[in-house]
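Let me begin by presenting the structure, written as structure tokens, before commenting on it.
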Amino acid sequence: MTSKSVLLDRIRPAAEQPLAQPGVDRASIGELVREFYARVRSDERLGPIFSREIVGDWEHHLEKMTDFWCSVILKSGDYHGRPVPAHVKLKDVTESDFDIWLVLFGETAAELFEPATAAVFVERAERIAASLKLAMFFRLDRTAAAGGQ
Ligand code: HEM
């Protein structure tokens with residue numbers, strides 16, 4: 001292990017360890033995913049975005065998202081996809097859509113898990129959302145223009 005990863009381990013121990021809590025398993029994570037996307041689909045802003053992109057096979061998306069969250073939370077290694085290109089191609093999504101996404105996710109997690117567990121899900125979601133937003137919206141040319149030249 002390099003000294004850099006030792007340092008990261010100290011700063012973000014939770015990010016490196018599977019969350020070992022009773023009741024946090026693939027079944028409960030699958031329930032979170034299903035309940036969350038039910039809310040997303042009935043949201044007036046996010047619903048239409050998802051129904052344009054996911055035509056028909058929601059079961060496939062829900063299983064993929066369960067793999068994703070099991071990998072993030074339990075370090076299961078189940079997810080092998082590429083989230084960045086899947087989002088960069090969504091041209092009608094704005095930064096404020098992420099706020100709606102995170103509110104719905106936080107509400108769902110808080111209803112299904114103990115507060116400390118829900119907080120871990122939310123913290124991971126916020127960090128991943130920040131990375132996705134950087135990939136989708138950060139433009140060097142825009143930053144340079146804002147700086148005057
Ligand atoms: C406004 C915010 C968001 C919107 C509108 C959105 C929308 C979408 C859509 C439409 C897809 C399906 C793309 C496809 O199958 O071609 C997708 C996939 C996915 N999303 Fe999001 N997303 C958002 C935020 C997030 C956040 C915050 C996370 C993680 C915390 C996330 C994780 C994923 C993952 C893992 C996939 C699967 C990518 C793959 O492997 O194909 N999304 N998202």
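Identifiers in the structure tokens: chain A, B, ... in order shown; residue index from 1 per chain; ligand index from 1 in order shown.
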For this session: Can you check which residues of segment 47-113 of chain A DSSP gives as alpha helix (DSSP H) on the backbone and send them as a PyMOL selection string?
Result: chain A and resi 47-53+58-74+83-88+95-112
For this session: Check every protein, DNA and RNA residue against ligand 1, keep those with an atom at most 9 Å away (counting only C-alpha atoms and all ligand atoms), and present them as number ranges by chain.
Result: A: 46-47, 49-54, 61, 64-69, 79-87, 89-90, 92-102, 105, 121-122, 124-133
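Between atom CA of Ala38 of chain A and atom CA of Glu114 of chain A there is a distance of 20.8 Å.
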For this session: Would you mind telling me which residue in A:Ser76, A:Leu62, A:Arg139, A:Phe36 lies nearest to Val103 of chain A when using only C-alpha atoms?
Result: A:Phe36
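Going from atom CA of Asp78 of chain A over to atom CA of Gly106 of chain A, you cover 22.9 Å.
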